[in-house]
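Colleague: You'll find model04.cif just under this line, and it carries mmCIF, C-alpha atoms.
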```
data_upload
#
loop_
_atom_site.label_atom_id
_atom_site.label_comp_id
_atom_site.auth_asym_id
_atom_site.auth_seq_id
_atom_site.Cartn_x
_atom_site.Cartn_y
_atom_site.Cartn_z
CA MET A 520 0.00 0.00 0.00
CA SER A 521 1.50 3.35 -1.02
CA VAL A 522 1.84 6.19 1.47
CA ASP A 523 0.81 9.73 0.51
CA LEU A 524 3.49 11.65 2.44
CA ILE A 525 2.60 14.98 4.03
CA ASP A 526 4.44 17.95 2.55
CA ARG A 527 6.28 19.40 5.53
CA GLY A 528 6.35 22.80 3.85
CA LEU A 529 2.56 22.97 4.16
CA MET A 530 2.38 21.97 7.81
CA PRO A 531 1.35 24.65 10.32
CA ASP A 532 3.34 25.83 13.29
CA LEU A 533 1.63 24.20 16.23
CA ALA A 534 1.08 25.36 19.78
CA PRO A 535 3.27 23.73 22.45
CA VAL A 536 2.55 20.05 22.87
CA ALA A 537 0.87 18.80 26.04
CA PRO A 538 3.02 16.50 28.16
CA PRO A 539 2.42 12.77 27.68
CA LEU A 540 -0.11 11.10 29.91
CA ALA A 541 1.48 9.47 32.92
CA VAL A 542 2.32 5.84 32.29
CA SER A 543 2.44 4.37 35.75
CA GLY A 544 0.07 3.80 38.63
CA THR A 545 -3.51 4.95 38.13
CA ARG A 546 -2.81 8.49 36.93
CA ASP A 547 -3.17 7.42 33.31
CA LEU A 548 -6.53 5.73 33.86
CA LEU A 549 -8.92 7.41 31.42
CA GLY A 550 -12.14 5.71 32.46
CA ARG A 551 -13.74 2.86 34.35
CA ILE A 552 -17.14 1.16 34.22
CA GLY A 553 -17.47 -1.78 36.57
CA ASN A 554 -14.67 -4.24 35.81
CA LEU A 555 -13.72 -2.52 32.54
CA GLU A 556 -10.99 0.14 32.36
CA THR A 557 -9.50 2.22 29.55
CA ARG A 558 -6.01 3.69 29.35
CA ILE A 559 -3.00 4.02 27.07
CA ALA A 560 -0.69 1.00 26.74
CA ARG A 561 2.23 1.30 29.15
CA THR A 562 4.65 -1.34 27.85
CA GLU A 563 5.78 -3.09 24.67
CA ARG A 564 4.20 -6.27 26.04
CA GLU A 565 0.80 -4.55 26.23
CA ILE A 566 1.16 -3.28 22.65
CA ASP A 567 2.05 -6.82 21.58
CA ALA A 568 -1.08 -8.10 23.32
CA ALA A 569 -3.19 -5.43 21.57
CA GLN A 570 -1.75 -6.61 18.24
CA ALA A 571 -2.83 -10.14 19.17
CA VAL A 572 -6.38 -8.88 19.77
CA ARG A 573 -6.25 -7.13 16.38
CA TYR A 574 -5.17 -10.41 14.78
CA ARG A 575 -8.14 -12.25 16.27
CA VAL A 576 -10.55 -9.62 14.92
CA PHE A 577 -9.02 -8.54 11.60
CA VAL A 578 -7.43 -11.81 10.46
CA ASP A 579 -9.33 -14.65 12.13
CA GLU A 580 -12.72 -12.95 11.91
CA MET A 581 -12.50 -10.52 8.97
CA LYS A 582 -9.95 -12.48 6.87
CA ALA A 583 -7.41 -9.69 6.46
CA GLN A 584 -4.11 -10.67 4.87
CA VAL A 585 -0.86 -10.47 6.86
CA SER A 586 2.70 -11.64 6.28
CA ALA A 587 3.65 -15.25 6.92
CA GLU A 588 5.72 -14.17 9.92
CA ASP A 589 2.84 -12.18 11.46
CA ALA A 590 0.51 -15.12 10.85
CA ARG A 591 2.98 -17.44 12.59
CA ARG A 592 3.11 -15.08 15.58
CA GLY A 593 -0.62 -14.36 15.56
CA ARG A 594 -0.12 -10.60 15.42
CA GLU A 595 -1.55 -7.86 13.16
CA ILE A 596 1.26 -5.31 12.88
CA ASP A 597 2.35 -2.45 10.64
CA SER A 598 5.04 0.22 10.63
CA TRP A 599 2.77 2.86 12.25
CA ASP A 600 2.46 0.85 15.45
CA SER A 601 5.83 2.03 16.72
CA ILE A 602 4.88 5.75 16.59
CA CYS A 603 1.27 5.55 17.74
CA ASP A 604 -0.29 5.46 21.19
CA HIS A 605 -2.46 2.40 21.77
CA LEU A 606 -5.69 2.90 23.68
CA LEU A 607 -6.79 -0.22 25.54
CA VAL A 608 -9.93 -1.53 27.20
CA LEU A 609 -9.11 -4.09 29.88
CA ASP A 610 -11.38 -6.45 31.76
CA ARG A 611 -9.94 -6.49 35.28
CA SER A 612 -12.02 -9.54 36.22
CA ILE A 613 -9.85 -11.75 33.99
CA ASP A 614 -7.11 -13.56 35.86
CA GLY A 615 -3.57 -12.77 34.78
CA ASP A 616 -1.46 -9.78 33.89
CA ALA A 617 -2.72 -6.65 32.12
CA GLU A 618 -1.82 -8.05 28.71
CA ASP A 619 -4.14 -11.00 29.39
CA GLN A 620 -7.01 -8.61 30.12
CA ILE A 621 -7.06 -6.54 26.89
CA VAL A 622 -10.43 -6.89 25.15
CA GLY A 623 -10.45 -3.84 22.88
CA THR A 624 -8.05 -1.34 21.35
CA TYR A 625 -7.81 1.84 19.29
CA ARG A 626 -4.69 3.26 17.67
CA LEU A 627 -4.10 7.01 18.09
CA LEU A 628 -1.69 9.08 15.99
CA ARG A 629 -1.14 12.70 16.98
CA HIS A 630 -0.49 15.46 14.47
CA GLU A 631 3.06 16.36 15.45
CA VAL A 632 4.09 12.70 15.62
CA ALA A 633 2.72 12.09 12.12
CA VAL A 634 4.54 15.16 10.78
CA ALA A 635 7.82 13.96 12.28
CA HIS A 636 7.47 10.49 10.75
CA GLY A 637 6.17 11.15 7.24
CA GLY A 638 2.40 11.27 7.46
CA PHE A 639 -0.83 9.65 8.55
CA TYR A 640 -1.82 6.05 7.86
CA SER A 641 -5.03 7.09 6.07
CA GLY A 642 -2.93 9.23 3.70
CA SER A 643 -2.37 5.98 1.79
CA GLU A 644 -6.04 6.11 0.74
CA PHE A 645 -7.27 9.70 1.12
CA ALA A 646 -5.82 13.17 0.47
CA VAL A 647 -5.55 14.05 4.16
CA ASN A 648 -2.42 16.15 3.55
CA ALA A 649 -4.56 18.72 1.76
CA LEU A 650 -7.07 18.73 4.63
CA VAL A 651 -4.35 19.33 7.22
CA ALA A 652 -2.68 22.05 5.15
CA ARG A 653 -6.02 23.85 4.86
CA HIS A 654 -6.18 24.29 8.65
CA PRO A 655 -2.99 26.02 9.83
CA GLY A 656 -2.83 26.15 13.60
CA LYS A 657 -5.21 23.22 14.13
CA ARG A 658 -4.01 19.96 15.64
CA PHE A 659 -5.33 16.71 14.14
CA MET A 660 -5.48 13.18 15.50
CA GLU A 661 -5.95 9.99 13.50
CA LEU A 662 -8.03 7.13 14.90
CA GLY A 663 -7.43 3.65 13.56
CA ARG A 664 -7.41 -0.10 14.12
CA SER A 665 -10.52 0.02 16.28
CA CYS A 666 -11.50 -3.46 17.37
CA VAL A 667 -13.23 -5.27 20.23
CA LEU A 668 -13.40 -8.99 20.92
CA PRO A 669 -16.84 -10.38 19.98
CA GLN A 670 -18.08 -11.10 23.50
CA TYR A 671 -17.27 -7.52 24.58
CA ARG A 672 -19.13 -5.70 21.80
CA THR A 673 -21.45 -3.98 24.25
CA LYS A 674 -22.50 -0.45 25.06
CA ARG A 675 -20.13 -0.31 28.03
CA THR A 676 -17.06 -1.20 25.96
CA VAL A 677 -17.92 1.29 23.22
CA GLU A 678 -18.53 4.00 25.81
CA LEU A 679 -15.11 3.37 27.34
CA LEU A 680 -13.38 3.52 23.95
CA TRP A 681 -15.01 6.89 23.30
CA GLN A 682 -14.27 8.03 26.84
CA GLY A 683 -10.61 7.22 26.25
CA CYS A 684 -10.48 8.98 22.87
CA TRP A 685 -12.23 12.05 24.27
CA ALA A 686 -9.96 12.30 27.32
CA TYR A 687 -6.88 11.83 25.15
CA ALA A 688 -8.04 14.46 22.65
CA LEU A 689 -8.68 16.98 25.42
CA HIS A 690 -5.31 16.32 27.03
CA HIS A 691 -3.49 16.91 23.74
CA ARG A 692 -5.69 19.85 22.69
CA ILE A 693 -6.87 18.14 19.51
CA ASP A 694 -9.03 20.21 17.13
CA ALA A 695 -10.19 17.46 14.79
CA MET A 696 -10.09 13.69 14.45
CA PHE A 697 -10.19 11.56 11.34
CA GLY A 698 -9.70 7.98 10.29
CA CYS A 699 -10.94 5.22 8.01
CA GLY A 700 -14.31 3.64 8.66
CA SER A 701 -14.77 0.25 7.03
CA PHE A 702 -17.55 -1.73 5.42
CA PRO A 703 -16.95 -5.50 5.10
CA GLY A 704 -15.95 -6.82 1.70
CA VAL A 705 -14.36 -5.37 -1.41
CA GLN A 706 -17.50 -4.76 -3.48
CA PRO A 707 -18.80 -1.23 -2.81
CA GLU A 708 -21.95 -2.08 -4.72
CA GLU A 709 -22.95 -4.44 -1.91
CA HIS A 710 -23.24 -1.34 0.30
CA ALA A 711 -24.94 0.86 -2.28
CA LEU A 712 -27.69 1.99 0.10
CA ALA A 713 -25.40 3.05 2.94
CA LEU A 714 -22.74 4.58 0.70
CA SER A 715 -25.33 6.55 -1.26
CA PHE A 716 -26.86 7.85 1.97
CA LEU A 717 -23.43 8.98 3.20
CA HIS A 718 -22.64 10.70 -0.10
CA GLN A 719 -25.97 12.46 -0.26
CA ASN A 720 -26.21 13.49 3.41
CA ALA A 721 -22.83 13.51 5.10
CA VAL A 722 -20.05 14.36 2.64
CA ALA A 723 -17.72 17.04 4.00
CA LYS A 724 -17.62 20.23 1.97
CA GLY A 725 -15.60 23.41 1.88
CA GLU A 726 -12.70 23.58 4.31
CA TRP A 727 -13.30 20.01 5.55
CA ALA A 728 -13.60 18.36 2.12
CA VAL A 729 -11.34 15.34 1.47
CA ASP A 730 -11.23 13.14 -1.63
CA ALA A 731 -10.11 9.57 -2.04
CA LEU A 732 -6.82 9.42 -3.91
CA PRO A 733 -7.62 9.48 -7.65
CA HIS A 734 -6.14 6.07 -8.48
CA LEU A 735 -8.14 4.45 -5.64
CA TYR A 736 -11.40 6.42 -5.92
CA ARG A 737 -14.63 4.41 -6.01
CA GLU A 738 -18.01 6.05 -6.47
CA MET A 739 -20.25 6.25 -3.40
CA ASP A 740 -23.36 7.76 -5.03
CA LEU A 741 -24.73 4.49 -6.37
CA MET A 742 -28.49 5.05 -5.98
CA PRO A 743 -30.81 7.97 -6.78
CA SER A 744 -31.79 9.97 -3.72
CA GLU A 745 -35.47 9.05 -4.05
CA ALA A 746 -34.53 5.37 -3.68
CA VAL A 747 -32.52 5.89 -0.47
CA ASN A 748 -34.49 5.16 2.68
CA PRO A 749 -32.59 6.86 5.55
CA ARG A 750 -33.74 4.42 8.22
CA ARG A 751 -32.79 1.38 6.18
CA ALA A 752 -29.48 3.00 5.20
CA LEU A 753 -28.51 3.66 8.82
CA PHE A 754 -29.57 0.16 9.84
CA SER A 755 -27.28 -1.33 7.19
CA MET A 756 -24.17 0.55 8.36
CA PRO A 757 -21.43 -0.88 10.58
CA PRO A 758 -22.01 0.30 14.18
CA LEU A 759 -18.76 2.28 14.29
CA ILE A 760 -19.63 4.39 11.24
CA LYS A 761 -23.17 4.91 12.54
CA GLY A 762 -21.70 5.99 15.87
CA TYR A 763 -19.41 8.52 14.20
CA LEU A 764 -22.39 10.04 12.39
CA ARG A 765 -24.30 10.39 15.64
CA LEU A 766 -21.35 12.24 17.15
CA GLY A 767 -21.49 14.76 14.30
CA ALA A 768 -18.93 13.36 11.85
CA MET A 769 -18.73 13.91 8.10
CA VAL A 770 -17.28 11.62 5.44
CA GLY A 771 -14.86 12.13 2.60
CA ASN A 772 -15.75 12.03 -1.08
CA GLY A 773 -15.21 8.61 -2.58
CA ALA A 774 -14.63 5.15 -1.11
CA VAL A 775 -11.48 3.04 -1.31
CA VAL A 776 -11.25 -0.75 -1.57
CA ASP A 777 -8.62 -2.24 0.74
CA GLN A 778 -7.88 -5.68 -0.66
CA ALA A 779 -5.49 -6.63 2.15
CA PHE A 780 -8.06 -5.94 4.85
CA ASN A 781 -11.04 -7.16 2.80
CA THR A 782 -12.89 -3.88 3.37
CA THR A 783 -14.39 -0.89 1.61
CA ASP A 784 -13.23 2.26 3.39
CA VAL A 785 -14.63 5.75 3.79
CA LEU A 786 -12.85 8.60 5.53
CA ILE A 787 -14.47 9.89 8.71
CA ILE A 788 -13.83 13.55 9.61
CA LEU A 789 -14.86 14.82 13.05
CA PRO A 790 -13.97 18.39 14.07
CA ILE A 791 -14.19 18.75 17.84
CA SER A 792 -16.43 21.78 17.34
CA SER A 793 -18.92 19.59 15.44
CA ILE A 794 -19.37 16.98 18.17
CA SER A 795 -22.99 16.90 19.23
CA GLY A 796 -23.61 18.77 22.49
CA ARG A 797 -25.48 15.82 23.95
CA TYR A 798 -22.35 13.67 23.66
CA VAL A 799 -20.09 16.34 25.12
CA ASN A 800 -22.51 16.64 28.03
CA TYR A 801 -22.70 12.86 28.39
CA TYR A 802 -18.96 12.24 28.54
CA GLY A 803 -18.24 15.55 30.24
CA ALA A 804 -16.53 18.65 28.88
CA ASP A 805 -13.54 17.54 30.98
CA ALA A 806 -13.98 13.82 30.09
CA GLY A 807 -15.01 13.19 33.66
CA ARG A 808 -18.10 11.04 33.05
CA PHE A 809 -16.39 7.69 33.62
CA ALA A 810 -13.16 8.94 35.15
CA SER A 811 -14.00 7.33 38.49
CA ALA A 812 -17.13 5.31 37.69
CA SER A 813 -17.57 1.95 39.32
#
```
So that I can check it, write out the structure of this file as structure tokens.
Modeller:
Amino acid sequence: MSVDLIDRGLMPDLAPVAPPLAVSGTRDLLGRIGNLETRIARTEREIDAAQAVRYRVFVDEMKAQVSAEDARRGREIDSWDSICDHLLVLDRSIDGDAEDQIVGTYRLLRHEVAVAHGGFYSGSEFAVNALVARHPGKRFMELGRSCVLPQYRTKRTVELLWQGCWAYALHHRIDAMFGCGSFPGVQPEEHALALSFLHQNAVAKGEWAVDALPHLYREMDLMPSEAVNPRRALFSMPPLIKGYLRLGAMVGNGAVVDQAFNTTDVLIILPISSISGRYVNYYGADAGRFASAS
């Protein structure tokens, strides 16, 4: 997969970076609901365990393709892992060490880290460099590799993932988030209803517009608007994409087929200022909703 490198000459001068979250004790705990906790991975062993969870979801379940060595090790890994922070959800009721308790993960890539290392992962599919260059002074964050083990795909787990992302974004003074949202399979036409709804109702315009890279672009507007039933379209969407829309997200123009991951991808764009007030109130303007929940 090619990487669309960010032109450093177009990158804005950013405000001072917030210090990293503490990585010991409980100071880095971003949220708790019952026996579930969310925080950033503290060790290489925890990142390795998160990659094992990704393998179970993306390879075993979704049939993504990985190298023979990664298949032998049972890990889903790429070169961005070493520069990203890895958000975890842990089930503390599971016996064993922390790496035995990881049931969900999200990969977070901050603006200044991406700039220092050549770009964002989703730049291999979408023209995110142009989006970033259009917003001098704003700090972006890329969300990726979101996955949860099947038995933990519940409201509580999803709430903790969002709690963690929200707390992390506030700590690092993020202005906008983006990342790929995926439909299963490599035939966009199988998702004509949902993709057409997104194109007709949620495509980002103006300063937030982003296109799929020309050589990867696949049409999303596959059905006439009069044939698109909004309720049926939303019902047919993957829960993560539907959740992004409810938060206030927009999507890029054009889908991309990812043969290696066996998915059809759209770009999700979520400016912090666009997040629905009801969700800000729910999680707390200071991300305090689940900070000490039990």
Colleague: Step by step, work through what the PyMOL selection byres ((chain A and resi 630-635) around 6) selects in the shown file, and finish by giving those residues as a list in words.
Modeller: Arg629, His636, Gly637, Gly638, Phe639, Arg658, Phe659 and Met660 of chain A
Colleague: Closest to Asn781 (chain A) among A:Pro655, A:Pro733, A:Gly796, A:Pro703, using all atoms listed in the file?
Modeller: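 Of A:Pro655, A:Pro733, A:Gly796, A:Pro703, the one nearest Asn781 (chain A) is A:Pro703, counting all atoms listed in the file.
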Colleague: Hey, what's within 12 Å of Gly698 (chain A) if we count all atoms listed in the file and toss same-chain stuff fewer than 6 positions away? As a VMD selection string, please?
Modeller: chain A and resid 625 to 629 639 to 647 659 to 665 729 759 to 760 763 768 to 771 784 to 790
Colleague: So, counting only C-alpha atoms, which residue among A:Ala617, A:Leu549, A:Met742, A:Leu555 is closest to Gly807 (chain A)?
Modeller: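 Closest to Gly807 (chain A) of all the choices is A:Leu549.
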Colleague: Applied to the shown file, which residues does the PyMOL selection byres ((chain A and resi 589-602) around 8) return, written as an MDAnalysis selection string?
Modeller: chainID A and resid 567 570:575 577:578 585:588 603:604 626 628 632 636 640
Colleague: Name every residue that the PyMOL selection byres ((chain A and resi 682-691) around 6) selects in this structure, writing the answer as a tab-separated table (two decimals) with C-alpha atoms, in the frame of the given file with chains first and numbers rising.
Modeller:
```
chain	number	residue	atom	x	y	z
A	537	ALA	CA	0.87	18.80	26.04
A	549	LEU	CA	-8.92	7.41	31.42
A	678	GLU	CA	-18.53	4.00	25.81
A	679	LEU	CA	-15.11	3.37	27.34
A	680	LEU	CA	-13.38	3.52	23.95
A	681	TRP	CA	-15.01	6.89	23.30
A	692	ARG	CA	-5.69	19.85	22.69
A	693	ILE	CA	-6.87	18.14	19.51
A	806	ALA	CA	-13.98	13.82	30.09
```
Colleague: Would you kindly return, as a VMD selection string, each protein, DNA or RNA residue with an atom no farther than 6 Å from any atom of region 558-561 of chain A, considering only C-alpha atoms and excluding same-chain residues fewer than 4 positions away?
Modeller: chain A and resid 542 548 to 549 565 605 to 607
Colleague: If I take CA of Phe716 (chain A) and CA of Pro743 (chain A), how far is one from the other in Å, to one decimal?
Modeller: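 So the two atoms, CA of Phe716 (chain A) and CA of Pro743 (chain A), lie 9.6 Å apart.
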Colleague: So the first atom is CA of Asp616 (chain A) and the second is CA of Cys666 (chain A); what is the distance between them in Å, to one decimal place?
Modeller: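 Going from CA of Asp616 (chain A) over to CA of Cys666 (chain A), I get 20.3 Å.
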Colleague: Record the distance separating CA of Arg737 (chain A) and CA of Pro758 (chain A), expressed in Å with one decimal.
Modeller: 21.9 Å
Colleague: Once you count all atoms listed in the file, which residues end up no further than 12 Å from (-6.2, -0.2, 1.4) in the file's frame, shown as a PyMOL selection string?
Modeller: chain A and resi 520-522+583-584+640-645+699-701+704-705+731-732+734-736+774-786
Colleague: Contacts of Leu741 (chain A) at 12 Å or less, counting all atoms listed in the file, minus same-chain residues fewer than 5 places along, as JSON, numbers by chain?
Modeller: {"A": [707, 708, 709, 710, 711, 712, 713, 714, 715, 716, 717, 718, 719, 746, 747, 773, 774]}
Colleague: Since the input is missing atoms, can you rebuild N, CA and C atoms for region 693-706 of chain A and write them as a PDB file, in the coordinates of the input?
Modeller:
```pdb
ATOM      1  N   ILE A 693      -6.573  18.503  20.887  1.00  0.00           N
ATOM      2  CA  ILE A 693      -6.870  18.140  19.510  1.00  0.00           C
ATOM      3  C   ILE A 693      -8.049  18.975  19.009  1.00  0.00           C
ATOM      4  N   ASP A 694      -7.955  19.436  17.750  1.00  0.00           N
ATOM      5  CA  ASP A 694      -9.030  20.210  17.130  1.00  0.00           C
ATOM      6  C   ASP A 694      -9.922  19.379  16.221  1.00  0.00           C
ATOM      7  N   ALA A 695      -9.392  18.300  15.693  1.00  0.00           N
ATOM      8  CA  ALA A 695     -10.190  17.460  14.790  1.00  0.00           C
ATOM      9  C   ALA A 695      -9.610  16.060  14.742  1.00  0.00           C
ATOM     10  N   MET A 696     -10.483  15.084  14.585  1.00  0.00           N
ATOM     11  CA  MET A 696     -10.090  13.690  14.450  1.00  0.00           C
ATOM     12  C   MET A 696     -10.520  13.173  13.077  1.00  0.00           C
ATOM     13  N   PHE A 697      -9.772  12.229  12.563  1.00  0.00           N
ATOM     14  CA  PHE A 697     -10.190  11.560  11.340  1.00  0.00           C
ATOM     15  C   PHE A 697      -9.640  10.141  11.330  1.00  0.00           C
ATOM     16  N   GLY A 698     -10.163   9.349  10.425  1.00  0.00           N
ATOM     17  CA  GLY A 698      -9.700   7.980  10.290  1.00  0.00           C
ATOM     18  C   GLY A 698     -10.607   7.210   9.352  1.00  0.00           C
ATOM     19  N   CYS A 699     -10.157   6.043   8.934  1.00  0.00           N
ATOM     20  CA  CYS A 699     -10.940   5.220   8.010  1.00  0.00           C
ATOM     21  C   CYS A 699     -12.026   4.459   8.759  1.00  0.00           C
ATOM     22  N   GLY A 700     -13.220   4.493   8.208  1.00  0.00           N
ATOM     23  CA  GLY A 700     -14.310   3.640   8.660  1.00  0.00           C
ATOM     24  C   GLY A 700     -14.559   2.591   7.591  1.00  0.00           C
ATOM     25  N   SER A 701     -14.759   1.355   7.999  1.00  0.00           N
ATOM     26  CA  SER A 701     -14.770   0.250   7.030  1.00  0.00           C
ATOM     27  C   SER A 701     -16.088  -0.484   6.948  1.00  0.00           C
ATOM     28  N   PHE A 702     -16.461  -0.798   5.707  1.00  0.00           N
ATOM     29  CA  PHE A 702     -17.550  -1.730   5.420  1.00  0.00           C
ATOM     30  C   PHE A 702     -16.910  -3.079   5.066  1.00  0.00           C
ATOM     31  N   PRO A 703     -17.528  -4.199   5.427  1.00  0.00           N
ATOM     32  CA  PRO A 703     -16.950  -5.500   5.100  1.00  0.00           C
ATOM     33  C   PRO A 703     -17.017  -5.790   3.606  1.00  0.00           C
ATOM     34  N   GLY A 704     -15.950  -6.404   3.089  1.00  0.00           N
ATOM     35  CA  GLY A 704     -15.950  -6.820   1.700  1.00  0.00           C
ATOM     36  C   GLY A 704     -15.352  -5.778   0.763  1.00  0.00           C
ATOM     37  N   VAL A 705     -15.045  -6.217  -0.445  1.00  0.00           N
ATOM     38  CA  VAL A 705     -14.360  -5.370  -1.410  1.00  0.00           C
ATOM     39  C   VAL A 705     -15.244  -5.020  -2.610  1.00  0.00           C
ATOM     40  N   GLN A 706     -16.547  -5.143  -2.434  1.00  0.00           N
ATOM     41  CA  GLN A 706     -17.500  -4.760  -3.480  1.00  0.00           C
ATOM     42  C   GLN A 706     -18.349  -3.608  -2.977  1.00  0.00           C
TER      43      GLN A 706
END
```
